[in-house]
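Participant: Sending over start.txt (compact mmCIF, C-alpha atoms and all ligand atoms).
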# COMPACT_ATOMS: atom_id res chain seq x y z
CA MET O 227 1.95 -54.44 -96.78
CA ILE O 228 2.81 -52.72 -93.56
CA GLN O 229 -0.46 -50.93 -92.67
CA THR O 230 0.97 -47.51 -91.90
CA LEU O 231 2.40 -47.18 -95.42
CA SER O 232 -0.34 -48.76 -97.53
CA ASP O 233 -2.20 -45.43 -97.85
CA LEU O 234 0.88 -43.74 -99.38
CA ARG O 235 0.69 -44.41 -103.14
CA THR O 236 3.77 -43.18 -104.99
CA VAL O 237 2.25 -43.52 -108.50
CA ARG O 238 -1.28 -44.39 -109.60
CA PHE O 239 -3.86 -43.69 -112.27
CA ASN O 240 -6.89 -41.52 -111.59
CA GLU O 241 -10.24 -43.31 -111.86
CA GLN O 242 -10.60 -42.83 -115.62
CA ALA O 243 -6.91 -43.62 -116.20
CA ASP O 244 -6.51 -40.40 -118.18
CA SER O 245 -4.03 -38.85 -115.71
CA VAL O 246 -1.25 -40.06 -113.46
CA ILE O 247 -1.39 -39.18 -109.78
CA ILE O 248 1.91 -39.00 -107.91
CA LEU O 249 2.78 -38.27 -104.32
CA ASP O 250 4.93 -35.11 -104.54
CA GLN O 251 8.11 -36.29 -102.78
CA THR O 252 9.66 -32.82 -102.83
CA LEU O 253 7.08 -31.72 -100.22
CA LEU O 254 7.80 -34.54 -97.78
CA PRO O 255 8.05 -34.84 -94.85
CA GLY O 256 6.07 -31.63 -94.21
CA LYS O 257 3.15 -32.31 -96.50
CA GLU O 258 1.57 -35.38 -98.11
CA ALA O 259 0.20 -33.87 -101.32
CA TYR O 260 -0.66 -35.50 -104.62
CA LEU O 261 -0.16 -34.07 -108.11
CA THR O 262 -2.26 -34.91 -111.14
CA LEU O 263 -0.18 -35.16 -114.32
CA THR O 264 -1.78 -35.22 -117.73
CA THR O 265 0.69 -33.94 -120.32
CA ALA O 266 4.09 -35.27 -121.36
CA GLU O 267 5.64 -31.99 -120.17
CA GLU O 268 4.13 -32.40 -116.68
CA ILE O 269 5.37 -35.98 -116.46
CA TRP O 270 8.86 -35.01 -117.68
CA ASP O 271 9.01 -32.17 -115.17
CA ALA O 272 7.86 -34.37 -112.25
CA ILE O 273 10.60 -36.92 -113.01
CA TYR O 274 13.31 -34.29 -113.60
CA LYS O 275 12.46 -32.38 -110.40
CA LEU O 276 12.32 -35.61 -108.33
CA LYS O 277 8.66 -35.15 -107.46
CA VAL O 278 8.62 -38.82 -108.31
CA ARG O 279 12.01 -40.49 -107.83
CA GLY O 280 13.71 -43.79 -107.10
CA ALA O 281 14.60 -46.01 -110.06
CA PRO O 282 11.59 -48.39 -110.06
CA ALA O 283 9.09 -45.58 -109.31
CA ILE O 284 10.45 -43.54 -112.21
CA GLY O 285 9.92 -46.58 -114.46
CA VAL O 286 6.31 -46.97 -113.31
CA ALA O 287 5.64 -43.21 -113.67
CA ALA O 288 7.04 -43.28 -117.22
CA ALA O 289 4.95 -46.34 -118.17
CA TYR O 290 1.76 -44.81 -116.72
CA GLY O 291 2.72 -41.45 -118.25
CA ILE O 292 3.24 -42.71 -121.77
CA TYR O 293 -0.06 -44.58 -121.63
CA VAL O 294 -1.89 -41.41 -120.58
CA CYS O 295 -0.26 -39.47 -123.44
CA ALA O 296 -0.80 -42.29 -125.96
CA ARG O 297 -4.51 -42.62 -125.26
CA ARG O 298 -4.91 -38.97 -126.28
CA ILE O 299 -3.17 -39.45 -129.65
CA ASP O 300 -6.13 -38.71 -131.87
CA THR O 301 -5.68 -40.92 -134.92
CA THR O 302 -6.59 -44.35 -136.22
CA GLU O 303 -3.62 -44.20 -138.61
CA LYS O 304 -1.12 -46.68 -137.18
CA SER O 305 2.03 -45.09 -138.58
CA VAL O 306 0.99 -41.66 -137.28
CA PHE O 307 0.28 -43.17 -133.86
CA ARG O 308 3.62 -45.03 -133.79
CA ASP O 309 5.61 -41.91 -134.75
CA GLU O 310 3.93 -39.77 -132.12
CA PHE O 311 4.36 -42.53 -129.51
CA ARG O 312 8.08 -42.69 -130.30
CA ARG O 313 8.44 -38.92 -130.06
CA ILE O 314 6.87 -38.90 -126.57
CA LYS O 315 8.97 -41.89 -125.56
CA GLU O 316 12.24 -40.18 -126.51
CA TYR O 317 11.14 -37.02 -124.72
CA LEU O 318 10.25 -38.80 -121.44
CA ALA O 319 13.45 -40.87 -121.61
CA SER O 320 15.46 -37.62 -121.63
CA SER O 321 14.21 -36.56 -118.19
CA ARG O 322 16.92 -38.45 -116.24
CA PRO O 323 19.84 -40.49 -117.60
CA THR O 324 21.12 -42.84 -114.89
CA ALA O 325 18.29 -45.10 -113.70
CA VAL O 326 17.87 -47.81 -116.33
CA ASN O 327 14.28 -48.48 -115.21
CA LEU O 328 13.11 -45.31 -116.96
CA VAL O 329 14.22 -46.28 -120.44
CA ALA O 330 13.54 -49.99 -119.81
CA ALA O 331 9.89 -49.29 -118.92
CA LEU O 332 9.46 -47.05 -121.98
CA ASN O 333 11.05 -49.68 -124.25
CA ARG O 334 8.77 -52.31 -122.79
CA MET O 335 5.74 -50.13 -123.56
CA GLU O 336 6.92 -49.63 -127.14
CA GLN O 337 7.45 -53.37 -127.49
CA VAL O 338 3.67 -53.79 -127.11
CA LEU O 339 3.23 -52.07 -130.51
CA VAL O 340 6.11 -53.95 -132.13
CA ALA O 341 4.85 -57.34 -130.92
CA HIS O 342 1.30 -56.77 -132.25
CA PRO O 343 1.72 -55.26 -135.73
CA ALA O 344 -1.75 -56.37 -136.90
CA PHE O 345 -3.62 -54.66 -134.04
CA SER O 346 -5.62 -51.46 -134.51
CA VAL O 347 -4.82 -48.22 -132.64
CA PRO O 348 -7.67 -48.76 -130.08
CA GLU O 349 -6.41 -52.30 -129.48
CA TRP O 350 -2.87 -50.98 -128.97
CA LYS O 351 -4.19 -48.50 -126.42
CA GLY O 352 -5.87 -51.35 -124.51
CA LEU O 353 -2.64 -53.34 -124.47
CA LEU O 354 -0.58 -50.33 -123.36
CA TYR O 355 -2.87 -49.90 -120.34
CA LYS O 356 -2.42 -53.56 -119.37
CA GLU O 357 1.37 -53.34 -119.82
CA ALA O 358 1.64 -50.29 -117.56
CA ILE O 359 -0.34 -52.07 -114.84
CA ALA O 360 1.83 -55.19 -115.29
CA ILE O 361 5.02 -53.14 -114.85
CA ARG O 362 3.72 -51.81 -111.53
CA GLU O 363 2.48 -55.18 -110.28
CA GLU O 364 5.69 -56.96 -111.23
CA ASP O 365 7.68 -54.30 -109.38
CA ALA O 366 5.59 -54.73 -106.22
CA ALA O 367 5.96 -58.53 -106.34
CA ALA O 368 9.71 -58.29 -107.02
CA CYS O 369 10.20 -55.94 -104.06
CA ARG O 370 8.46 -58.28 -101.66
CA GLN O 371 10.58 -61.20 -102.85
CA ILE O 372 13.77 -59.10 -102.57
CA GLY O 373 12.77 -58.46 -98.97
CA GLU O 374 12.26 -62.19 -98.29
CA ASN O 375 15.60 -63.07 -99.91
CA CYS O 376 17.55 -60.46 -97.96
CA LEU O 377 15.88 -61.29 -94.67
CA GLU O 378 17.70 -64.65 -94.76
CA LEU O 379 20.95 -62.70 -94.26
CA LEU O 380 19.77 -60.53 -91.37
CA ARG O 381 19.33 -61.36 -87.69
CA PRO O 382 16.89 -59.88 -85.16
CA GLY O 383 18.20 -56.79 -83.36
CA MET O 384 20.83 -55.96 -86.00
CA GLY O 385 21.96 -52.38 -86.59
CA ILE O 386 21.54 -51.58 -90.30
CA LEU O 387 22.71 -48.52 -92.19
CA THR O 388 21.09 -47.30 -95.40
CA HIS O 389 21.85 -44.47 -97.82
CA CYS O 390 19.38 -42.39 -99.84
CA ASN O 391 15.81 -43.71 -100.07
CA ALA O 392 15.22 -47.14 -101.53
CA GLY O 393 11.99 -47.63 -99.64
CA HIS O 394 8.26 -47.67 -100.23
CA LEU O 395 8.39 -44.18 -101.74
CA ALA O 396 10.94 -45.20 -104.38
CA VAL O 397 9.02 -48.18 -105.78
CA SER O 398 5.48 -49.54 -106.09
CA GLU O 399 5.37 -51.09 -102.59
CA TYR O 400 7.78 -52.09 -99.78
CA GLY O 401 10.97 -50.74 -101.34
CA THR O 402 14.11 -52.58 -102.32
CA ALA O 403 16.71 -51.87 -99.60
CA LEU O 404 13.93 -51.27 -97.07
CA ALA O 405 11.82 -54.30 -98.05
CA PRO O 406 13.63 -56.65 -95.61
CA ILE O 407 13.31 -54.00 -92.92
CA TYR O 408 9.52 -53.83 -93.34
CA LEU O 409 9.19 -57.62 -93.48
CA GLY O 410 11.38 -57.82 -90.36
CA GLN O 411 9.21 -55.19 -88.68
CA GLU O 412 6.08 -57.26 -89.43
CA ARG O 413 7.82 -60.28 -87.87
CA GLY O 414 9.20 -58.54 -84.78
CA TYR O 415 12.90 -58.45 -85.76
CA GLY O 416 13.53 -55.16 -83.95
CA PHE O 417 16.12 -53.80 -86.38
CA LYS O 418 17.87 -50.53 -85.51
CA LEU O 419 18.22 -48.40 -88.62
CA PHE O 420 20.71 -45.65 -89.33
CA ALA O 421 19.61 -43.39 -92.18
CA ASP O 422 22.28 -41.26 -93.89
CA GLU O 423 20.78 -37.84 -94.57
CA THR O 424 22.10 -38.08 -98.17
CA ARG O 425 23.38 -34.70 -99.29
CA PRO O 426 22.52 -32.74 -101.31
CA LEU O 427 18.85 -33.63 -101.81
CA LEU O 428 18.33 -35.20 -98.39
CA GLN O 429 16.42 -38.28 -99.51
CA GLY O 430 17.57 -40.00 -96.30
CA ALA O 431 16.46 -37.24 -93.95
CA ARG O 432 13.28 -36.27 -95.75
CA LEU O 433 12.09 -39.64 -97.08
CA THR O 434 13.79 -42.64 -95.44
CA ALA O 435 13.53 -41.24 -91.91
CA TYR O 436 9.94 -40.25 -92.68
CA GLU O 437 8.70 -43.59 -93.99
CA LEU O 438 10.57 -45.71 -91.42
CA ASN O 439 9.27 -43.52 -88.62
CA ARG O 440 5.73 -43.73 -89.98
CA ALA O 441 6.04 -47.53 -90.00
CA GLY O 442 7.27 -47.59 -86.39
CA VAL O 443 10.82 -48.75 -87.22
CA ASP O 444 13.59 -47.67 -84.80
CA VAL O 445 15.49 -45.18 -86.99
CA THR O 446 18.32 -42.78 -86.19
CA LEU O 447 19.18 -40.05 -88.67
CA ILE O 448 22.88 -39.27 -89.18
CA CYS O 449 24.77 -36.89 -91.47
CA ASP O 450 26.62 -38.67 -94.27
CA ASN O 451 29.97 -37.95 -92.61
CA MET O 452 28.90 -39.77 -89.41
CA ALA O 453 28.70 -43.23 -90.96
CA SER O 454 32.28 -44.03 -89.96
CA ILE O 455 31.79 -43.35 -86.27
CA VAL O 456 28.60 -45.39 -85.96
CA MET O 457 30.38 -48.28 -87.72
CA ARG O 458 33.46 -47.91 -85.52
CA ARG O 459 31.27 -48.02 -82.41
CA GLY O 460 29.93 -51.40 -83.53
CA TRP O 461 26.39 -50.19 -84.08
CA VAL O 462 26.10 -51.39 -87.68
CA GLN O 463 26.10 -55.07 -88.69
CA ALA O 464 24.95 -54.65 -92.30
CA VAL O 465 24.53 -51.96 -94.96
CA VAL O 466 21.58 -52.12 -97.38
CA VAL O 467 21.26 -49.81 -100.39
CA GLY O 468 19.28 -49.71 -103.63
CA CYS O 469 20.56 -49.28 -107.17
CA ASP O 470 19.81 -47.26 -110.29
CA ARG O 471 21.72 -49.39 -112.78
CA VAL O 472 23.73 -52.59 -112.38
CA ALA O 473 26.36 -53.12 -115.07
CA ALA O 474 27.19 -56.53 -116.52
CA ASN O 475 30.35 -56.82 -114.38
CA GLY O 476 28.38 -56.13 -111.16
CA ASP O 477 29.39 -52.46 -110.72
CA VAL O 478 26.48 -50.46 -109.37
CA ALA O 479 25.31 -46.87 -109.88
CA ASN O 480 23.39 -45.53 -106.90
CA LYS O 481 22.88 -42.23 -105.11
CA ILE O 482 25.99 -40.09 -104.70
CA GLY O 483 27.81 -41.16 -101.54
CA THR O 484 27.00 -44.86 -101.84
CA SER O 485 30.54 -45.81 -102.88
CA GLY O 486 31.97 -44.01 -99.84
CA VAL O 487 29.71 -46.06 -97.57
CA ALA O 488 30.91 -49.23 -99.34
CA ILE O 489 34.55 -48.27 -98.74
CA LEU O 490 33.81 -47.68 -95.05
CA ALA O 491 31.92 -50.96 -94.77
CA ARG O 492 34.89 -52.83 -96.25
CA HIS O 493 37.23 -51.12 -93.74
CA TYR O 494 35.05 -52.13 -90.80
CA LYS O 495 34.33 -55.63 -92.25
CA ILE O 496 30.58 -54.99 -92.44
CA PRO O 497 28.60 -56.75 -95.22
CA PHE O 498 27.47 -54.34 -97.94
CA TYR O 499 24.30 -55.48 -99.72
CA VAL O 500 22.81 -53.95 -102.88
CA LEU O 501 19.13 -54.71 -103.36
CA GLY O 502 17.20 -54.21 -106.59
CA PRO O 503 14.86 -55.85 -109.05
CA THR O 504 16.36 -57.60 -112.09
CA SER O 505 14.79 -54.77 -114.14
CA THR O 506 17.65 -52.59 -112.80
CA ILE O 507 20.31 -54.83 -114.38
CA ASP O 508 21.59 -53.46 -117.68
CA SER O 509 23.47 -56.31 -119.33
CA SER O 510 24.23 -54.08 -122.34
CA CYS O 511 26.38 -51.90 -120.09
CA PRO O 512 29.79 -53.57 -119.53
CA ASP O 513 30.91 -51.73 -116.38
CA GLY O 514 30.38 -48.78 -114.08
CA ASP O 515 32.47 -46.41 -116.19
CA SER O 516 29.99 -46.85 -119.05
CA ILE O 517 27.07 -45.57 -116.96
CA VAL O 518 26.03 -41.97 -117.63
CA ILE O 519 26.04 -40.04 -114.36
CA GLU O 520 23.46 -37.30 -114.05
CA GLU O 521 24.79 -33.87 -113.07
CA ARG O 522 22.33 -31.53 -111.42
CA ASN O 523 21.84 -27.85 -110.72
CA PRO O 524 24.54 -26.25 -108.46
CA ASP O 525 21.78 -24.52 -106.46
CA GLU O 526 20.96 -27.86 -104.86
CA ILE O 527 24.28 -27.56 -103.00
CA THR O 528 24.64 -23.83 -102.49
CA GLU O 529 21.18 -22.63 -101.51
CA MET O 530 18.31 -25.05 -101.90
CA TRP O 531 17.97 -26.04 -98.23
CA TYR O 532 19.21 -22.84 -96.61
CA SER O 533 17.28 -19.69 -95.69
CA ARG O 534 20.21 -17.80 -97.22
CA ARG O 535 22.91 -18.87 -99.65
CA MET O 536 25.71 -20.84 -97.93
CA ALA O 537 28.45 -20.60 -100.58
CA PRO O 538 30.15 -17.69 -102.29
CA LYS O 539 28.42 -16.44 -105.42
CA ASN O 540 30.03 -17.82 -108.61
CA VAL O 541 31.98 -20.56 -106.79
CA LYS O 542 32.46 -23.59 -109.03
CA VAL O 543 30.18 -26.46 -108.03
CA TYR O 544 30.24 -30.11 -109.07
CA ASN O 545 26.96 -31.88 -108.36
CA PRO O 546 26.87 -35.49 -109.61
CA ALA O 547 23.67 -37.22 -108.52
CA PHE O 548 25.09 -40.77 -108.49
CA ASP O 549 28.36 -42.62 -108.07
CA ILE O 550 29.69 -46.04 -108.96
CA THR O 551 30.35 -48.71 -106.38
CA PRO O 552 32.79 -51.22 -107.86
CA HIS O 553 31.68 -54.84 -107.66
CA GLU O 554 34.66 -55.80 -105.46
CA LEU O 555 33.16 -53.78 -102.59
CA ILE O 556 29.70 -55.38 -102.82
CA THR O 557 29.19 -58.44 -100.63
CA ALA O 558 26.07 -59.50 -102.54
CA ILE O 559 23.47 -58.20 -104.96
CA ILE O 560 20.01 -59.33 -103.92
CA THR O 561 17.23 -59.48 -106.51
CA GLU O 562 13.82 -61.17 -106.60
CA LYS O 563 15.60 -64.14 -108.21
CA GLY O 564 18.05 -64.72 -105.36
CA ILE O 565 21.31 -63.68 -103.71
CA PHE O 566 24.36 -63.23 -105.93
CA TYR O 567 27.62 -63.18 -104.00
CA GLU O 568 30.62 -61.28 -105.33
CA ASN O 569 33.00 -64.06 -104.25
CA ASN O 570 30.98 -66.72 -106.15
CA ARG O 571 31.26 -65.02 -109.52
O1 LIG O 601 17.87 -39.24 -107.30
P1 LIG O 601 16.98 -40.29 -106.73
O2 LIG O 601 16.34 -39.90 -105.45
O3 LIG O 601 15.99 -40.80 -107.75
O4 LIG O 601 17.98 -41.50 -106.41
C1 LIG O 601 17.45 -42.68 -105.88
C2 LIG O 601 18.46 -43.70 -105.55
O5 LIG O 601 19.64 -43.54 -105.77
C3 LIG O 601 17.93 -44.99 -105.01
O6 LIG O 601 18.82 -45.56 -104.11
C4 LIG O 601 17.71 -45.98 -106.18
O7 LIG O 601 16.94 -45.36 -107.17
C5 LIG O 601 17.04 -47.21 -105.75
S1 LIG O 601 15.33 -46.95 -105.38
C6 LIG O 601 14.64 -48.42 -104.97
Would you give me this structure, written as structure tokens?
Facilitator:
Amino acid sequence: MIQTLSDLRTVRFNEQADSVIILDQTLLPGKEAYLTLTTAEEIWDAIYKLKVRGAPAIGVAAAYGIYVCARRIDTTEKSVFRDEFRRIKEYLASSRPTAVNLVAALNRMEQVLVAHPAFSVPEWKGLLYKEAIAIREEDAAACRQIGENCLELLRPGMGILTHCNAGHLAVSEYGTALAPIYLGQERGYGFKLFADETRPLLQGARLTAYELNRAGVDVTLICDNMASIVMRRGWVQAVVVGCDRVAANGDVANKIGTSGVAILARHYKIPFYVLGPTSTIDSSCPDGDSIVIEERNPDEITEMWYSRRMAPKNVKVYNPAFDITPHELITAIITEKGIFYENNR
């Protein structure tokens, strides 16, 4: 792992594994501060408010979170334990709707109970701990492999544009879209990154620019509406983005604005790559229109980042957090299992 990032741990257990410690991403880049979460309400709130965010990181936080809550369920009665576990699971799953990793990680945790019906409650708790750790470790391994797979498509010195933050902060280690960038950095590829600021929550400006800078990558921050000019000037040879849910037909939900970048990339004949672990593929979801898009608080647009409100009071606001990039605009989806080209489907 690139040295300058290895001390930033997005999600971890405390020493006794009775709380979850997260890096509060809402305070970056100004402050690196960690929050200790113990109750289901604290974990729900941290996910909802994007203190922990990025599809794989949300999955890991939910898995760690439900373990921490489950170990405090004070019963040896298996049916009581199972009912309470399910209640907490449904509650945590309601914190954000779009990233499939959240509900997938919670389902996987519940599967531990289903697969071992003869086990006692203490034995279940032991297995839940191991499963949570496995989810994190598998994510870290997948991210590294995604990076290796994508690096085959990139050349030293390339200009690369990214949207939102699909980096180290959004996963267990390395990132998805930024994994090839970090591997390239370790191997002297000298990539030149363009980070979209990513309105309205500025994940690009606050998080991507921060972590790339910290790792010594050459990064230039642009407003979202500047992507066209940097592409037109010939400064971008590839686009890399992450994903929150991949539908069975290859449509992808990712941070609001991603589909606009894909349309621009197609216009300028620039390859548009989506990178994500196979845990982000939802084969039960037929297409992008079936993906639930989270809508967030209007304040995020009208006042959150300004010293005074920048829009008239009572103006109507539409604030979808994600959009759908249709599969036709995606050159390839790159997972830990390989590169899947749109034109080979
Ligand atoms: O609202 P966020 O910040 O959780 O949205 C994050 C994204 O859209 C990322 O691109 C996606 O989760 C992939 S993270 C590896």
Participant: In terms of the shortest atom-to-atom distance over all atoms listed in the file, which of O:Leu254, O:Ala441, O:Cys295, O:Ile248 is closest to Ala283 (chain O)?
Facilitator: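 Under the stated criterion, the closest residue is O:Ile248.
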Participant: CA of Ile361 (chain O) and CA of Phe345 (chain O), how far apart in Å?
Facilitator: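 Here the two named atoms are 21.1 Å from each other.
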Participant: Padding of 5 Å on every side, edges along x, y and z, all listed atoms of ligand LIG 601 (chain O) included: what centre and edge lengths in Å, to one decimal, does that box have, as JSON?
Facilitator:
{"center_x": 17.1, "center_y": -43.8, "center_z": -105.9, "size_x": 15.0, "size_y": 19.2, "size_z": 13.6}
Participant: Name the closest residue to Leu438 (chain O) among the candidates O:Gly401, O:Gly476, O:Pro524, O:Gly502; distances are taken between atoms, counting only C-alpha atoms.
Facilitator: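 Residue with the minimum atom-to-atom distance to Leu438 (chain O): O:Gly401.
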Participant: Work out how far CA of Arg238 (chain O) is from CA of Glu521 (chain O), in Å to one decimal.
Facilitator: 28.3 Å
Participant: Kindly extract all protein, DNA and RNA residues lying within 9 Å of the coordinates (9.4, -45.2, -129.2) given in the file, considering only C-alpha atoms, and supply them as a list in words.
Facilitator: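 The residues that fall inside the cut-off are Arg308, Asp309, Glu310, Phe311, Arg312, Arg313, Ile314, Lys315, Glu316, Leu332, Asn333, Met335, Glu336 and Gln337 of chain O.
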Participant: Atoms to include: C-alpha atoms. Write the selected residues as a PDB file, keeping the file's coordinate frame.
Facilitator:
ATOM      1  CA  ARG O 308       3.620 -45.030-133.790  1.00  0.00           C
ATOM      2  CA  ASP O 309       5.610 -41.910-134.750  1.00  0.00           C
ATOM      3  CA  GLU O 310       3.930 -39.770-132.120  1.00  0.00           C
ATOM      4  CA  PHE O 311       4.360 -42.530-129.510  1.00  0.00           C
ATOM      5  CA  ARG O 312       8.080 -42.690-130.300  1.00  0.00           C
ATOM      6  CA  ARG O 313       8.440 -38.920-130.060  1.00  0.00           C
ATOM      7  CA  ILE O 314       6.870 -38.900-126.570  1.00  0.00           C
ATOM      8  CA  LYS O 315       8.970 -41.890-125.560  1.00  0.00           C
ATOM      9  CA  GLU O 316      12.240 -40.180-126.510  1.00  0.00           C
ATOM     10  CA  LEU O 332       9.460 -47.050-121.980  1.00  0.00           C
ATOM     11  CA  ASN O 333      11.050 -49.680-124.250  1.00  0.00           C
ATOM     12  CA  MET O 335       5.740 -50.130-123.560  1.00  0.00           C
ATOM     13  CA  GLU O 336       6.920 -49.630-127.140  1.00  0.00           C
ATOM     14  CA  GLN O 337       7.450 -53.370-127.490  1.00  0.00           C
TER      15      GLN O 337
END
Participant: Residues up to 7 Å from ligand LIG 601 (chain O), counting all atoms listed in the file: could you list those as number ranges by chain?
Facilitator: O: 276, 279-282, 325, 390-393, 396-397, 401-403, 429, 467-470, 480-481, 502, 547-548
Participant: CA of Glu412 (chain O) and CA of Leu231 (chain O) are how many Å apart?
Facilitator: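 Result for CA of Glu412 (chain O) versus CA of Leu231 (chain O): 12.3 Å, one decimal.
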Participant: Which residues, written as a short mmCIF file (atom, residue, chain, number, x, y, z; two decimals) with C-alpha atoms, in the frame of the given file, have at least one atom at most 8 Å from Gly514 (chain O), with all atoms listed in the file counted and residues fewer than 5 positions away on the same chain left out?
Facilitator:
data_model
loop_
_atom_site.label_atom_id
_atom_site.label_comp_id
_atom_site.auth_asym_id
_atom_site.auth_seq_id
_atom_site.Cartn_x
_atom_site.Cartn_y
_atom_site.Cartn_z
CA VAL O 472 23.73 -52.59 -112.38
CA ALA O 473 26.36 -53.12 -115.07
CA ASP O 477 29.39 -52.46 -110.72
CA VAL O 478 26.48 -50.46 -109.37
CA ALA O 479 25.31 -46.87 -109.88
CA ILE O 550 29.69 -46.04 -108.96
CA THR O 551 30.35 -48.71 -106.38
CA PRO O 552 32.79 -51.22 -107.86
#
Participant: List the spatial neighbours of Gly385 (chain O) as a PyMOL selection string - criterion: any atom at most 12 Å away, only C-alpha atoms, same-chain residues fewer than 2 positions off excluded.
Facilitator: chain O and resi 380-383+387-388+407+415-421+443-446+456-457+459-466+496-497
Participant: Mind writing the picked residues with C-alpha atoms as a PDB file, in the coordinates of the input?
Facilitator:
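Done, and the output landed in again.pdb:
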ATOM      1  CA  LEU O 380      19.770 -60.530 -91.370  1.00  0.00           C
ATOM      2  CA  ARG O 381      19.330 -61.360 -87.690  1.00  0.00           C
ATOM      3  CA  PRO O 382      16.890 -59.880 -85.160  1.00  0.00           C
ATOM      4  CA  GLY O 383      18.200 -56.790 -83.360  1.00  0.00           C
ATOM      5  CA  LEU O 387      22.710 -48.520 -92.190  1.00  0.00           C
ATOM      6  CA  THR O 388      21.090 -47.300 -95.400  1.00  0.00           C
ATOM      7  CA  ILE O 407      13.310 -54.000 -92.920  1.00  0.00           C
ATOM      8  CA  TYR O 415      12.900 -58.450 -85.760  1.00  0.00           C
ATOM      9  CA  GLY O 416      13.530 -55.160 -83.950  1.00  0.00           C
ATOM     10  CA  PHE O 417      16.120 -53.800 -86.380  1.00  0.00           C
ATOM     11  CA  LYS O 418      17.870 -50.530 -85.510  1.00  0.00           C
ATOM     12  CA  LEU O 419      18.220 -48.400 -88.620  1.00  0.00           C
ATOM     13  CA  PHE O 420      20.710 -45.650 -89.330  1.00  0.00           C
ATOM     14  CA  ALA O 421      19.610 -43.390 -92.180  1.00  0.00           C
ATOM     15  CA  VAL O 443      10.820 -48.750 -87.220  1.00  0.00           C
ATOM     16  CA  ASP O 444      13.590 -47.670 -84.800  1.00  0.00           C
ATOM     17  CA  VAL O 445      15.490 -45.180 -86.990  1.00  0.00           C
ATOM     18  CA  THR O 446      18.320 -42.780 -86.190  1.00  0.00           C
ATOM     19  CA  VAL O 456      28.600 -45.390 -85.960  1.00  0.00           C
ATOM     20  CA  MET O 457      30.380 -48.280 -87.720  1.00  0.00           C
ATOM     21  CA  ARG O 459      31.270 -48.020 -82.410  1.00  0.00           C
ATOM     22  CA  GLY O 460      29.930 -51.400 -83.530  1.00  0.00           C
ATOM     23  CA  TRP O 461      26.390 -50.190 -84.080  1.00  0.00           C
ATOM     24  CA  VAL O 462      26.100 -51.390 -87.680  1.00  0.00           C
ATOM     25  CA  GLN O 463      26.100 -55.070 -88.690  1.00  0.00           C
ATOM     26  CA  ALA O 464      24.950 -54.650 -92.300  1.00  0.00           C
ATOM     27  CA  VAL O 465      24.530 -51.960 -94.960  1.00  0.00           C
ATOM     28  CA  VAL O 466      21.580 -52.120 -97.380  1.00  0.00           C
ATOM     29  CA  ILE O 496      30.580 -54.990 -92.440  1.00  0.00           C
ATOM     30  CA  PRO O 497      28.600 -56.750 -95.220  1.00  0.00           C
TER      31      PRO O 497
END
Participant: If you count only C-alpha atoms, which residues fall within 8 Å of Lys304 (chain O), apart from same-chain ones fewer than 3 positions away, as an MDAnalysis selection string?
Facilitator: chainID O and resid 301 307:308 346:347
Participant: Need the shell around region 526-542 of chain O: protein/DNA/RNA residues with any atom at most 10 Å away, counting all atoms listed in the file. Skip same-chain ones fewer than 2 positions apart. Format as a list of chain:residue names?
Facilitator: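 Within the cut-off, the hits are O:Arg425, O:Pro426, O:Leu427, O:Leu428, O:Arg522, O:Asn523, O:Pro524, O:Tyr544, O:Asn545.
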Participant: For Asp250 (chain O), list every protein, DNA or RNA residue within 7 Å, evaluated using only C-alpha atoms, and leave out those in the same chain fewer than 3 positions away; present the list as an MDAnalysis selection string.
Facilitator: chainID O and resid 253 259:261 277:278
Participant: Would you please work out which residue, of O:Ser321, O:Gln371, O:Thr264, O:Thr434, is nearest to His389 (chain O) when using all atoms listed in the file?
Facilitator: O:Thr434
Participant: I'd like to know which of O:Gly430, O:Gly414, O:Pro406, O:Gly486 is closest to Cys369 (chain O), using only C-alpha atoms.
Facilitator: O:Pro406
